[in-house]
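Source file: query.cif (mmCIF, C-alpha atoms and all ligand atoms)
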data_final
loop_
_atom_site.label_atom_id
_atom_site.label_comp_id
_atom_site.auth_asym_id
_atom_site.auth_seq_id
_atom_site.Cartn_x
_atom_site.Cartn_y
_atom_site.Cartn_z
CA MET R 1 -21.60 27.61 40.13
CA ASN R 2 -24.36 29.94 41.20
CA GLU R 3 -26.99 27.58 42.49
CA MET R 4 -27.46 23.99 43.50
CA PHE R 5 -30.66 22.03 43.33
CA ASP R 6 -30.96 19.11 45.71
CA VAL R 7 -33.64 16.82 44.36
CA ASN R 8 -33.06 14.15 46.92
CA ALA R 9 -31.48 14.92 50.23
CA ASN R 10 -31.10 11.24 50.99
CA ASN R 11 -28.33 9.35 49.31
CA ILE R 12 -29.43 6.53 47.07
CA HIS R 13 -27.83 3.19 47.72
CA PRO R 14 -28.90 -0.20 46.43
CA LEU R 15 -29.60 -3.07 48.72
CA SER R 16 -26.45 -5.10 49.03
CA THR R 17 -26.42 -7.78 46.38
CA GLN R 18 -25.33 -11.26 47.35
CA LEU R 19 -23.82 -12.56 44.16
CA ASP R 20 -23.18 -16.23 43.57
CA ARG R 21 -19.49 -16.76 42.86
CA LEU R 22 -18.93 -19.26 40.08
CA ASN R 23 -16.34 -22.00 40.40
CA VAL R 24 -13.80 -22.59 37.63
CA ALA R 25 -15.89 -25.30 35.95
CA ASP R 26 -18.98 -23.07 35.93
CA ILE R 27 -17.00 -20.16 34.50
CA GLY R 28 -15.85 -22.39 31.64
CA TYR R 29 -19.39 -23.70 31.11
CA TYR R 30 -20.97 -20.21 30.93
CA ARG R 31 -18.21 -18.80 28.73
CA GLU R 32 -18.82 -21.53 26.14
CA LYS R 33 -22.58 -21.21 26.47
CA ILE R 34 -22.44 -17.44 25.90
CA LYS R 35 -20.25 -17.87 22.82
CA ILE R 36 -22.84 -20.22 21.28
CA LEU R 37 -25.77 -17.99 22.28
CA LEU R 38 -24.09 -14.91 20.80
CA GLN R 39 -23.82 -16.70 17.46
CA GLN R 40 -27.37 -18.07 17.60
CA ASN R 41 -28.75 -14.60 18.37
CA ASN R 42 -26.53 -12.72 15.89
CA ALA R 43 -25.46 -10.75 18.95
CA VAL R 44 -22.39 -8.84 20.07
CA MET R 45 -21.23 -8.05 23.62
CA ILE R 46 -20.62 -4.43 24.56
CA ALA R 47 -19.08 -4.23 28.04
CA HIS R 48 -18.21 -1.28 30.24
CA TYR R 49 -14.80 -0.93 31.91
CA TYR R 50 -16.45 -1.34 35.32
CA THR R 51 -17.78 -4.85 34.71
CA ASP R 52 -15.92 -7.84 36.12
CA PRO R 53 -12.73 -8.97 34.34
CA GLU R 54 -14.18 -12.27 33.06
CA ILE R 55 -16.95 -10.32 31.31
CA GLN R 56 -14.54 -7.84 29.72
CA ALA R 57 -12.31 -10.72 28.58
CA LEU R 58 -15.24 -12.53 26.98
CA ALA R 59 -16.43 -9.37 25.19
CA GLU R 60 -12.94 -8.96 23.69
CA GLU R 61 -12.63 -12.63 22.82
CA THR R 62 -15.95 -12.70 20.96
CA GLY R 63 -15.36 -9.61 18.81
CA GLY R 64 -17.30 -7.20 21.01
CA CYS R 65 -15.92 -4.17 22.78
CA VAL R 66 -14.89 -2.98 26.23
CA ALA R 67 -15.20 0.75 26.52
CA ASP R 68 -16.60 3.84 28.22
CA SER R 69 -20.23 4.83 27.69
CA LEU R 70 -19.44 7.07 24.71
CA GLU R 71 -17.55 4.38 22.81
CA MET R 72 -20.13 1.74 23.80
CA ALA R 73 -22.80 3.91 22.13
CA ARG R 74 -20.66 4.40 19.03
CA PHE R 75 -19.73 0.74 18.72
CA GLY R 76 -23.31 -0.49 19.07
CA SER R 77 -24.58 1.96 16.48
CA ILE R 78 -22.17 0.84 13.76
CA HIS R 79 -21.86 -2.90 14.49
CA PRO R 80 -23.85 -5.11 12.08
CA ALA R 81 -25.20 -7.47 14.79
CA SER R 82 -28.99 -7.45 15.15
CA THR R 83 -28.80 -7.95 18.93
CA LEU R 84 -26.67 -5.92 21.33
CA LEU R 85 -25.84 -7.51 24.68
CA VAL R 86 -24.97 -4.54 26.85
CA ALA R 87 -22.98 -5.47 29.96
CA GLY R 88 -23.23 -2.38 32.10
CA VAL R 89 -26.05 -0.43 33.70
CA ARG R 90 -29.48 0.37 32.35
CA PHE R 91 -28.84 3.84 30.95
CA MET R 92 -26.18 2.29 28.71
CA GLY R 93 -28.69 -0.22 27.34
CA GLU R 94 -31.19 2.60 26.85
CA THR R 95 -28.66 4.69 24.92
CA ALA R 96 -27.95 1.70 22.67
CA LYS R 97 -31.69 1.25 22.05
CA ILE R 98 -32.19 4.96 21.28
CA LEU R 99 -29.41 4.85 18.71
CA CYS R 100 -30.53 1.54 17.21
CA PRO R 101 -34.28 1.18 17.77
CA GLU R 102 -34.45 -1.57 15.16
CA LYS R 103 -32.03 -3.75 17.16
CA LYS R 104 -32.81 -5.93 20.13
CA VAL R 105 -30.91 -4.68 23.20
CA LEU R 106 -30.46 -7.19 26.02
CA MET R 107 -29.05 -6.73 29.50
CA SER R 108 -28.21 -9.05 32.40
CA THR R 109 -30.91 -7.37 34.44
CA LEU R 110 -32.95 -4.22 34.01
CA ASN R 111 -32.41 -3.61 37.74
CA ALA R 112 -28.81 -2.54 37.11
CA GLU R 113 -29.31 1.12 37.96
CA CYS R 114 -26.98 4.05 38.59
CA SER R 115 -27.23 6.43 41.55
CA LEU R 116 -26.87 9.41 39.20
CA ASP R 117 -29.81 8.25 37.10
CA LEU R 118 -31.91 7.45 40.18
CA GLY R 119 -31.11 10.88 41.62
CA CYS R 120 -32.61 12.66 38.63
CA PRO R 121 -36.26 11.63 38.15
CA GLU R 122 -37.70 12.62 34.78
CA GLU R 123 -40.79 14.52 35.93
CA VAL R 124 -38.97 16.59 38.57
CA PHE R 125 -36.17 17.33 36.16
CA ARG R 126 -38.56 18.39 33.40
CA ALA R 127 -40.29 20.83 35.77
CA PHE R 128 -36.87 22.16 36.82
CA CYS R 129 -35.85 22.76 33.20
CA ASN R 130 -39.20 24.40 32.44
CA SER R 131 -38.62 26.85 35.28
CA HIS R 132 -35.33 27.93 33.65
CA PRO R 133 -36.26 28.30 29.97
CA ASP R 134 -33.30 30.62 29.33
CA ARG R 135 -30.76 27.85 29.99
CA THR R 136 -29.27 25.23 27.69
CA VAL R 137 -29.81 21.81 29.22
CA VAL R 138 -26.79 19.49 29.24
CA VAL R 139 -27.21 16.07 30.82
CA TYR R 140 -24.60 13.49 31.58
CA ALA R 141 -24.87 10.14 29.80
CA ASN R 142 -25.77 8.60 33.19
CA THR R 143 -29.45 9.53 32.92
CA SER R 144 -32.67 7.84 31.84
CA ALA R 145 -34.01 8.06 28.29
CA GLY R 146 -36.75 10.37 29.60
CA VAL R 147 -34.24 12.82 31.09
CA LYS R 148 -32.21 12.79 27.88
CA ALA R 149 -35.42 13.63 26.02
CA CYS R 150 -35.60 16.87 28.09
CA ALA R 151 -32.06 17.88 27.13
CA ASP R 152 -30.39 19.96 24.43
CA TRP R 153 -27.13 18.04 24.80
CA VAL R 154 -25.88 14.78 26.24
CA ALA R 155 -22.26 14.73 27.48
CA THR R 156 -19.86 12.13 28.77
CA SER R 157 -16.96 12.91 31.10
CA SER R 158 -14.58 12.70 28.12
CA ILE R 159 -16.15 15.69 26.36
CA ALA R 160 -17.80 17.59 29.22
CA VAL R 161 -15.19 20.34 29.61
CA LYS R 162 -14.80 20.95 25.86
CA LEU R 163 -18.56 21.02 25.31
CA ILE R 164 -19.28 23.46 28.14
CA GLU R 165 -16.36 25.63 26.98
CA GLN R 166 -17.95 25.83 23.55
CA LEU R 167 -21.44 26.58 24.88
CA ASP R 168 -20.00 29.22 27.22
CA SER R 169 -18.15 30.87 24.34
CA LEU R 170 -21.52 31.19 22.58
CA GLY R 171 -22.88 33.02 25.63
CA LYS R 172 -25.09 30.13 26.79
CA LYS R 173 -26.17 29.75 30.40
CA ILE R 174 -26.33 26.10 31.35
CA ILE R 175 -28.25 23.57 33.39
CA TRP R 176 -25.96 20.63 34.19
CA ALA R 177 -27.34 17.35 35.51
CA PRO R 178 -27.10 15.15 37.39
CA ASP R 179 -23.54 14.78 38.82
CA ARG R 180 -22.70 17.63 41.16
CA HIS R 181 -19.00 16.75 41.39
CA LEU R 182 -18.52 16.61 37.64
CA GLY R 183 -20.64 19.77 37.28
CA SER R 184 -18.47 21.54 39.84
CA TYR R 185 -15.28 20.34 38.13
CA VAL R 186 -16.49 21.49 34.71
CA GLN R 187 -17.55 24.86 36.11
CA LYS R 188 -14.10 25.39 37.68
CA GLN R 189 -12.38 24.45 34.44
CA THR R 190 -14.52 26.67 32.21
CA GLY R 191 -15.89 29.48 34.40
CA ALA R 192 -19.27 28.94 32.71
CA ASP R 193 -22.60 29.97 34.25
CA ILE R 194 -23.85 26.57 35.41
CA LEU R 195 -26.94 25.71 37.40
CA CYS R 196 -26.13 22.26 38.73
CA TRP R 197 -28.33 19.36 39.77
CA LYS R 198 -27.19 17.69 42.96
CA SER R 199 -26.78 13.99 42.54
CA SER R 200 -23.64 11.89 42.84
CA CYS R 201 -22.07 8.53 42.15
CA ILE R 202 -22.07 6.33 45.24
CA VAL R 203 -18.78 4.73 44.18
CA HIS R 204 -16.74 7.88 43.50
CA ASP R 205 -18.27 9.66 46.49
CA GLU R 206 -16.49 7.16 48.71
CA PHE R 207 -12.88 8.02 47.90
CA LYS R 208 -11.25 9.42 51.00
CA THR R 209 -9.04 12.50 50.90
CA GLN R 210 -7.01 11.94 54.07
CA ALA R 211 -6.50 8.24 53.34
CA LEU R 212 -5.31 9.17 49.84
CA LYS R 213 -2.84 11.67 51.30
CA ASN R 214 -1.57 8.95 53.65
CA MET R 215 -1.19 6.58 50.71
CA LYS R 216 0.80 9.18 48.81
CA VAL R 217 3.21 9.34 51.76
CA LEU R 218 3.73 5.59 51.42
CA TYR R 219 4.15 5.85 47.63
CA PRO R 220 5.66 9.30 47.09
CA HIS R 221 6.58 8.62 43.45
CA ALA R 222 3.14 7.36 42.44
CA ALA R 223 0.88 9.38 40.15
CA ILE R 224 -2.70 9.89 41.32
CA LEU R 225 -5.35 9.46 38.62
CA VAL R 226 -8.87 10.62 39.46
CA HIS R 227 -12.23 10.42 37.71
CA PRO R 228 -14.07 13.78 37.94
CA GLU R 229 -17.15 12.17 39.50
CA SER R 230 -15.02 12.15 42.68
CA PRO R 231 -15.38 14.85 45.36
CA HIS R 232 -13.50 18.11 44.80
CA ALA R 233 -10.97 17.47 47.60
CA VAL R 234 -9.94 14.19 45.94
CA VAL R 235 -9.73 15.81 42.48
CA GLU R 236 -7.42 18.43 44.02
CA LEU R 237 -4.88 15.71 44.84
CA ALA R 238 -4.78 14.38 41.28
CA ASP R 239 -1.87 14.40 38.87
CA PHE R 240 -4.39 13.69 36.13
CA VAL R 241 -8.19 14.02 35.96
CA GLY R 242 -10.18 12.40 33.17
CA SER R 243 -12.76 9.95 31.87
CA THR R 244 -12.16 6.21 32.14
CA THR R 245 -10.59 6.01 28.69
CA GLN R 246 -8.44 9.05 29.40
CA LEU R 247 -7.31 7.53 32.73
CA ILE R 248 -6.20 4.33 30.96
CA GLN R 249 -4.31 6.39 28.42
CA ALA R 250 -2.70 8.49 31.15
CA ALA R 251 -1.59 5.40 33.07
CA LYS R 252 0.20 4.31 29.92
CA THR R 253 1.81 7.61 28.96
CA LEU R 254 2.79 9.05 32.35
CA GLN R 255 6.39 8.35 33.32
CA HIS R 256 5.43 7.13 36.81
CA LYS R 257 5.96 3.45 37.52
CA GLN R 258 3.35 3.43 40.28
CA ILE R 259 -0.21 4.61 39.72
CA ILE R 260 -2.97 5.21 42.26
CA VAL R 261 -6.39 5.16 40.63
CA ALA R 262 -9.59 6.74 41.98
CA THR R 263 -12.36 5.13 39.98
CA ASP R 264 -14.18 1.78 39.94
CA ARG R 265 -11.68 -1.07 40.26
CA GLY R 266 -13.12 -2.74 37.14
CA ILE R 267 -10.87 -0.39 35.17
CA PHE R 268 -7.78 -2.36 36.21
CA TYR R 269 -8.49 -5.07 33.63
CA LYS R 270 -7.85 -2.69 30.72
CA MET R 271 -5.30 -0.60 32.59
CA ARG R 272 -3.11 -3.68 33.19
CA GLN R 273 -3.27 -4.46 29.49
CA ALA R 274 -2.24 -0.88 28.70
CA CYS R 275 0.73 -0.80 31.08
CA PRO R 276 1.69 -4.29 32.27
CA ASP R 277 5.02 -3.02 33.59
CA LYS R 278 3.49 -0.62 36.12
CA GLU R 279 2.24 -1.08 39.66
CA LEU R 280 -1.42 -0.12 39.97
CA PHE R 281 -3.17 0.65 43.25
CA GLU R 282 -6.80 1.33 44.14
CA ALA R 283 -7.29 4.72 45.79
CA PRO R 284 -8.54 4.20 49.33
CA THR R 285 -12.24 4.11 50.10
CA ALA R 286 -11.63 2.98 53.65
CA GLY R 287 -10.74 5.56 56.23
CA GLU R 288 -12.51 7.89 58.58
CA GLY R 289 -16.18 7.82 57.62
CA ALA R 290 -15.93 4.68 55.52
CA ASN R 291 -18.62 2.05 55.79
CA CYS R 292 -19.45 -1.41 54.51
CA ARG R 293 -20.22 -0.29 50.96
CA SER R 294 -16.78 1.27 50.53
CA CYS R 295 -15.29 -1.09 47.99
CA ALA R 296 -14.62 0.98 44.84
CA HIS R 297 -16.90 -1.28 42.85
CA CYS R 298 -20.31 -0.34 41.55
CA PRO R 299 -22.94 -2.70 43.00
CA TRP R 300 -25.09 -2.32 39.88
CA MET R 301 -22.22 -3.10 37.52
CA ALA R 302 -21.60 -6.18 39.68
CA MET R 303 -25.07 -7.46 38.75
CA ASN R 304 -23.58 -8.40 35.38
CA THR R 305 -22.41 -11.99 35.73
CA LEU R 306 -21.63 -14.71 33.21
CA LYS R 307 -24.75 -16.56 34.32
CA SER R 308 -27.04 -13.54 34.01
CA ILE R 309 -25.60 -12.74 30.58
CA ALA R 310 -26.25 -16.32 29.45
CA ASP R 311 -29.81 -16.07 30.83
CA SER R 312 -30.47 -12.80 29.00
CA LEU R 313 -29.35 -14.31 25.68
CA GLU R 314 -31.26 -17.52 26.28
CA TYR R 315 -34.56 -16.13 27.60
CA GLY R 316 -34.70 -12.41 26.65
CA GLY R 317 -38.15 -11.02 27.44
CA ILE R 318 -39.31 -8.38 29.90
CA ASN R 319 -36.58 -9.11 32.44
CA HIS R 320 -33.79 -8.49 29.96
CA GLU R 321 -34.90 -6.56 26.89
CA ILE R 322 -34.81 -2.73 26.80
CA GLN R 323 -38.05 -1.17 25.62
CA ILE R 324 -38.48 2.60 25.18
CA ASP R 325 -41.47 4.65 24.04
CA PRO R 326 -40.81 5.65 20.38
CA LEU R 327 -41.67 9.29 21.18
CA ILE R 328 -38.97 9.38 23.88
CA ILE R 329 -36.53 7.76 21.45
CA LYS R 330 -37.26 10.47 18.88
CA LYS R 331 -36.61 13.28 21.39
CA ALA R 332 -33.59 11.70 23.09
CA LEU R 333 -31.92 10.95 19.78
CA ILE R 334 -31.35 14.65 19.09
CA PRO R 335 -29.04 15.44 22.07
CA ILE R 336 -27.31 12.06 21.74
CA HIS R 337 -26.51 12.69 18.08
CA ARG R 338 -25.19 16.13 19.02
CA MET R 339 -22.88 14.43 21.55
CA LEU R 340 -21.60 11.93 18.98
CA ASP R 341 -21.07 14.62 16.34
CA PHE R 342 -19.31 16.88 18.84
CA SER R 343 -17.00 14.14 20.10
CA ALA R 344 -16.15 13.09 16.53
CA LYS R 345 -15.21 16.69 15.75
CA PHE R 346 -12.76 16.83 18.62
CA TYR R 347 -11.38 13.30 18.08
CA ILE R 348 -11.86 12.39 21.72
S1 LIG K 401 -20.04 3.62 39.15
FE1 LIG K 401 -21.32 5.34 39.78
S2 LIG K 401 -21.73 6.48 37.90
FE2 LIG K 401 -21.02 4.42 37.28
S3 LIG K 401 -22.91 3.21 37.08
FE3 LIG K 401 -22.18 2.89 39.18
S4 LIG K 401 -23.29 4.43 40.40
FE4 LIG K 401 -23.45 5.04 38.24
#

Spell out the structure here as structure tokens.
Amino acid sequence: MNEMFDVNANNIHPLSTQLDRLNVADIGYYREKIKILLQQNNAVMIAHYYTDPEIQALAEETGGCVADSLEMARFGSIHPASTLLVAGVRFMGETAKILCPEKKVLMSTLNAECSLDLGCPEEVFRAFCNSHPDRTVVVYANTSAGVKACADWVATSSIAVKLIEQLDSLGKKIIWAPDRHLGSYVQKQTGADILCWKSSCIVHDEFKTQALKNMKVLYPHAAILVHPESPHAVVELADFVGSTTQLIQAAKTLQHKQIIVATDRGIFYKMRQACPDKELFEAPTAGEGANCRSCAHCPWMAMNTLKSIADSLEYGGINHEIQIDPLIIKKALIPIHRMLDFSAKFYI
């Protein structure tokens, strides 16, 4: 990596969100209400692995999907429902809307952000790209529709290494944005000439190297699985590095009976389904330098609740429905389609 661009020296953290916990009766009430509202709205639920277990379970139960951002985009684009209820963060809803502008895309709240997205403002990024016209612009899926509209390619963590390898083999010099840890990981794997934006995920940034080493002493036979949005020193300790879907697959196929996982704890819902016979542990976020937001759970993903999903289906409107300028949709569609075509080619 030959240069880093720090758009925002201050870390971006949301205000802590005090979420109302539902009692058992309320959970049952909202589950049934959502099922009826999904039918009435000709809607399908598309949930990310990092949402809470009751949301993932309901998406599965109602014929929706639980997936990573790449598969969420694919699923939404081919499903016949006229309304997509995206349980995740805003860039996921935006990607669904870009791929299916004729569909209504609803979310629990449009305030469900992502620190990577927030760390890469459209106007600053556009000026940055314009000052490097010789570079191919690759942006991570965790970006706004406007940033995607500036890009040549969109990538997810599942295809990032393969895509950059291919671009590098064609002699392309690259701008990578916005995740500096994933950019650094991809650069190390490929040796490509990458100019990297400097944003990060507030969840993965919190995994602690020394605490993870200490944990490995306690569980010497455990495999360590790490998402590449994590800091380099944590990635170095991994037995396997990959996207959320790849981590679930690895948990299943690795011989280890104990698995330590460095990504959002929401992933344990699907990971337990994939390998019910194994012991799964969260990688430590507490340790030297930890603070009150160290909980391995994305605060914006946590804004998705059964109640807020029911509200979005019942009321829709400006608080819940994704709207994007048609011109931005037209531009952003090009790099997103390239991503989908590329991933289909490599069967990832
Ligand atoms: S876990 Fe990190 S990358 Fe994922 S939505 Fe939250 S802040 Fe963004």

Worksheet entry | Best match for closeness to R:Ala283 among R:Gln210, R:Ser343, R:Ser158, R:Ser312, counting only C-alpha atoms |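 Result for the nearest residue to R:Ala283: R:Gln210.
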
Taking all atoms listed in the file into account, produce a table as CSV in which each residue of chain R with an atom at most 10 Å from an atom of ligand LIG 401 (chain K) appears once, together with its shortest atom pair and the distance in Å to one decimal, ordered by chain and rising number.
residue,atom,partner,partner_atom,distance
R:Ile12,CA,K:LIG401,S4,9.3
R:His13,CA,K:LIG401,S4,8.7
R:Pro14,CA,K:LIG401,S4,9.4
R:His48,CA,K:LIG401,S3,9.4
R:Tyr49,CA,K:LIG401,FE2,9.8
R:Tyr50,CA,K:LIG401,S1,7.2
R:Thr51,CA,K:LIG401,S1,9.8
R:Ser69,CA,K:LIG401,FE2,9.6
R:Gly88,CA,K:LIG401,S3,7.5
R:Val89,CA,K:LIG401,S3,5.9
R:Arg90,CA,K:LIG401,S3,8.6
R:Phe91,CA,K:LIG401,S3,8.6
R:Met92,CA,K:LIG401,S3,9.0
R:Ala112,CA,K:LIG401,S3,8.2
R:Glu113,CA,K:LIG401,S3,6.8
R:Cys114,CA,K:LIG401,FE4,3.7
R:Ser115,CA,K:LIG401,S4,4.6
R:Leu116,CA,K:LIG401,FE4,5.6
R:Asp117,CA,K:LIG401,FE4,7.2
R:Leu118,CA,K:LIG401,FE4,9.0
R:Tyr140,CA,K:LIG401,S2,9.9
R:Ala141,CA,K:LIG401,S2,9.4
R:Asn142,CA,K:LIG401,S2,6.6
R:Thr143,CA,K:LIG401,FE4,9.2
R:Asp179,CA,K:LIG401,S2,8.5
R:Ser200,CA,K:LIG401,S2,7.6
R:Cys201,CA,K:LIG401,FE1,4.0
R:Ile202,CA,K:LIG401,S4,5.3
R:Val203,CA,K:LIG401,FE1,5.1
R:His204,CA,K:LIG401,FE1,6.4
R:Asp205,CA,K:LIG401,FE1,8.5
R:Glu229,CA,K:LIG401,S2,7.5
R:Ser230,CA,K:LIG401,FE1,9.7
R:Thr263,CA,K:LIG401,S1,7.9
R:Asp264,CA,K:LIG401,S1,6.2
R:Arg265,CA,K:LIG401,S1,9.6
R:Gly266,CA,K:LIG401,S1,9.6
R:Ala296,CA,K:LIG401,S1,8.3
R:His297,CA,K:LIG401,S1,6.9
R:Cys298,CA,K:LIG401,FE3,4.4
R:Pro299,CA,K:LIG401,FE3,6.8
R:Trp300,CA,K:LIG401,FE3,6.0
R:Met301,CA,K:LIG401,FE3,6.2
R:Ala302,CA,K:LIG401,FE3,9.1

**OP:** Return the single residue from R:Gly76, R:Pro178, R:Gly64, R:Pro53 that is closest to R:Lys270, with distances computed using only C-alpha atoms.
**Re:**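 Once distances to R:Lys270 are computed over only C-alpha atoms, the minimum belongs to R:Pro53.
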
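Minimum atom-to-atom distances from R:Cys295, R:Ile336, R:Leu254, R:Ala43 to R:Glu206 were compared using all atoms listed in the file, and the lowest value belongs to R:Cys295.
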
Each residue of stretch 125-240 of chain R with at least one atom at most 10 Å from stretch 323-327 of chain R should appear once, together with its nearest atom pair and the corresponding distance in Å (one decimal); atoms considered: all atoms listed in the file; ordering: chain, then increasing residue number; output as CSV.
residue,atom,partner,partner_atom,distance
R:Ala145,CA,R:Ile324,CA,7.7
R:Gly146,CA,R:Ile324,CA,9.1
R:Ala149,CA,R:Leu327,CA,9.0

Kindly save the residues from that selection, with C-alpha atoms included, as a PDB file, in the frame of the given file.
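What landed in again06.pdb:
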ATOM      1  CA  ALA R 145     -34.010   8.060  28.290  1.00  0.00           C
ATOM      2  CA  GLY R 146     -36.750  10.370  29.600  1.00  0.00           C
ATOM      3  CA  ALA R 149     -35.420  13.630  26.020  1.00  0.00           C
TER       4      ALA R 149
END

### For R:Ser184: contacts at 9 Å, all atoms listed in the file, fewer than 5 positions along chain excluded, given as a list in words
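My reading of the contact set: Met1, Asp179, Gln189, Ile194, Cys196 and His232 of chain R.
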
Give me the residues near R:Gln273 as a PyMOL selection string, where near means some atom within 12 Å (using only C-alpha atoms) and where sequence neighbours in that chain fewer than 3 positions away do not count. chain R and resi 53+56-57+248-249+251-252+267-270+276-278+280

So which residues touch R:Ala151 within 7 Å, counting only C-alpha atoms, skipping near sequence neighbours fewer than 3 positions away, as number ranges by chain? R: 137-139, 147-148, 154, 335

Contacts of R:Leu84 at 8 Å or less, counting all atoms listed in the file, minus same-chain residues fewer than 2 places along, as a CSV table (one decimal) with C-alpha atoms, in the coordinates of the input?
chain,number,residue,atom,x,y,z
R,43,ALA,CA,-25.5,-10.8,19.0
R,44,VAL,CA,-22.4,-8.8,20.1
R,45,MET,CA,-21.2,-8.0,23.6
R,46,ILE,CA,-20.6,-4.4,24.6
R,76,GLY,CA,-23.3,-0.5,19.1
R,81,ALA,CA,-25.2,-7.5,14.8
R,82,SER,CA,-29.0,-7.4,15.2
R,86,VAL,CA,-25.0,-4.5,26.8
R,96,ALA,CA,-28.0,1.7,22.7
R,103,LYS,CA,-32.0,-3.8,17.2
R,104,LYS,CA,-32.8,-5.9,20.1
R,105,VAL,CA,-30.9,-4.7,23.2
R,106,LEU,CA,-30.5,-7.2,26.0

Have a look at R:Glu236, R:Thr245, R:Thr305, R:Ile174 and name the one nearest to R:Met72; count only C-alpha atoms.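 Selected residue with least distance to R:Met72: R:Thr245.
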
Which value, in Å to one decimal, gives the distance between atom CA of R:Ala223 and atom CA of R:Ala238?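 About the pair atom CA of R:Ala223 and atom CA of R:Ala238: they are 7.6 Å apart.
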
Neighbours of R:Lys33 within 10 Å (all atoms listed in the file; same-chain residues fewer than 6 positions away dropped), as a PyMOL selection string?
chain R and resi 27+306-307+309-311+313-314

Shortest contact to R:Leu99, candidates R:Leu70, R:Val24, R:Asn214, R:Glu122, atoms counted all atoms listed in the file, goes to R:Leu70

One decimal place gives the atom CA of R:Gln39-atom CA of R:Ile329 separation as 27.9 Å

Counting all atoms listed in the file, closest pick from R:Arg31, R:Lys173, R:His181, R:Lys257 relative to R:His227 is R:His181

Here atom CA of R:His79 and atom CA of R:Ile159 stand apart by 22.8 Å

task = Give as a PyMOL selection string every residue, naming chains and numbers as the document does, that has an atom within 12 Å of (-16.4, 18.8, 18.5), counting all atoms listed in the file.
result = chain R and resi 155+158-167+337-348

Can you fill out stretch 237-252 of chain R with N, CA and C atoms and hand it back as a PDB file, in the coordinates of the input?
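So the final result, stored in result-v4.pdb, reads:
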ATOM      1  N   LEU R 237      -6.124  16.462  44.599  1.00  0.00           N
ATOM      2  CA  LEU R 237      -4.880  15.710  44.840  1.00  0.00           C
ATOM      3  C   LEU R 237      -4.346  15.038  43.569  1.00  0.00           C
ATOM      4  N   ALA R 238      -5.105  15.168  42.479  1.00  0.00           N
ATOM      5  CA  ALA R 238      -4.780  14.380  41.280  1.00  0.00           C
ATOM      6  C   ALA R 238      -3.615  14.934  40.483  1.00  0.00           C
ATOM      7  N   ASP R 239      -2.841  14.020  39.898  1.00  0.00           N
ATOM      8  CA  ASP R 239      -1.870  14.400  38.870  1.00  0.00           C
ATOM      9  C   ASP R 239      -2.552  14.454  37.516  1.00  0.00           C
ATOM     10  N   PHE R 240      -3.643  13.688  37.390  1.00  0.00           N
ATOM     11  CA  PHE R 240      -4.390  13.690  36.130  1.00  0.00           C
ATOM     12  C   PHE R 240      -5.863  13.421  36.445  1.00  0.00           C
ATOM     13  N   VAL R 241      -6.744  14.199  35.806  1.00  0.00           N
ATOM     14  CA  VAL R 241      -8.190  14.020  35.960  1.00  0.00           C
ATOM     15  C   VAL R 241      -8.770  13.708  34.587  1.00  0.00           C
ATOM     16  N   GLY R 242      -9.602  12.683  34.485  1.00  0.00           N
ATOM     17  CA  GLY R 242     -10.180  12.400  33.170  1.00  0.00           C
ATOM     18  C   GLY R 242     -11.189  11.265  33.191  1.00  0.00           C
ATOM     19  N   SER R 243     -11.787  11.038  32.040  1.00  0.00           N
ATOM     20  CA  SER R 243     -12.760   9.950  31.870  1.00  0.00           C
ATOM     21  C   SER R 243     -12.034   8.613  31.980  1.00  0.00           C
ATOM     22  N   THR R 244     -12.785   7.535  31.990  1.00  0.00           N
ATOM     23  CA  THR R 244     -12.160   6.210  32.140  1.00  0.00           C
ATOM     24  C   THR R 244     -11.136   5.949  31.032  1.00  0.00           C
ATOM     25  N   THR R 245     -11.523   6.232  29.794  1.00  0.00           N
ATOM     26  CA  THR R 245     -10.590   6.010  28.690  1.00  0.00           C
ATOM     27  C   THR R 245      -9.360   6.898  28.829  1.00  0.00           C
ATOM     28  N   GLN R 246      -9.577   8.136  29.225  1.00  0.00           N
ATOM     29  CA  GLN R 246      -8.440   9.050  29.400  1.00  0.00           C
ATOM     30  C   GLN R 246      -7.540   8.603  30.560  1.00  0.00           C
ATOM     31  N   LEU R 247      -8.124   8.019  31.605  1.00  0.00           N
ATOM     32  CA  LEU R 247      -7.310   7.530  32.730  1.00  0.00           C
ATOM     33  C   LEU R 247      -6.424   6.359  32.279  1.00  0.00           C
ATOM     34  N   ILE R 248      -6.992   5.470  31.462  1.00  0.00           N
ATOM     35  CA  ILE R 248      -6.200   4.330  30.960  1.00  0.00           C
ATOM     36  C   ILE R 248      -5.042   4.851  30.110  1.00  0.00           C
ATOM     37  N   GLN R 249      -5.340   5.814  29.275  1.00  0.00           N
ATOM     38  CA  GLN R 249      -4.310   6.390  28.420  1.00  0.00           C
ATOM     39  C   GLN R 249      -3.223   7.075  29.257  1.00  0.00           C
ATOM     40  N   ALA R 250      -3.670   7.793  30.293  1.00  0.00           N
ATOM     41  CA  ALA R 250      -2.700   8.490  31.150  1.00  0.00           C
ATOM     42  C   ALA R 250      -1.811   7.513  31.897  1.00  0.00           C
ATOM     43  N   ALA R 251      -2.396   6.402  32.367  1.00  0.00           N
ATOM     44  CA  ALA R 251      -1.590   5.400  33.070  1.00  0.00           C
ATOM     45  C   ALA R 251      -0.472   4.894  32.175  1.00  0.00           C
ATOM     46  N   LYS R 252      -0.785   4.811  30.889  1.00  0.00           N
ATOM     47  CA  LYS R 252       0.200   4.310  29.920  1.00  0.00           C
ATOM     48  C   LYS R 252       1.280   5.360  29.627  1.00  0.00           C
TER      49      LYS R 252
END
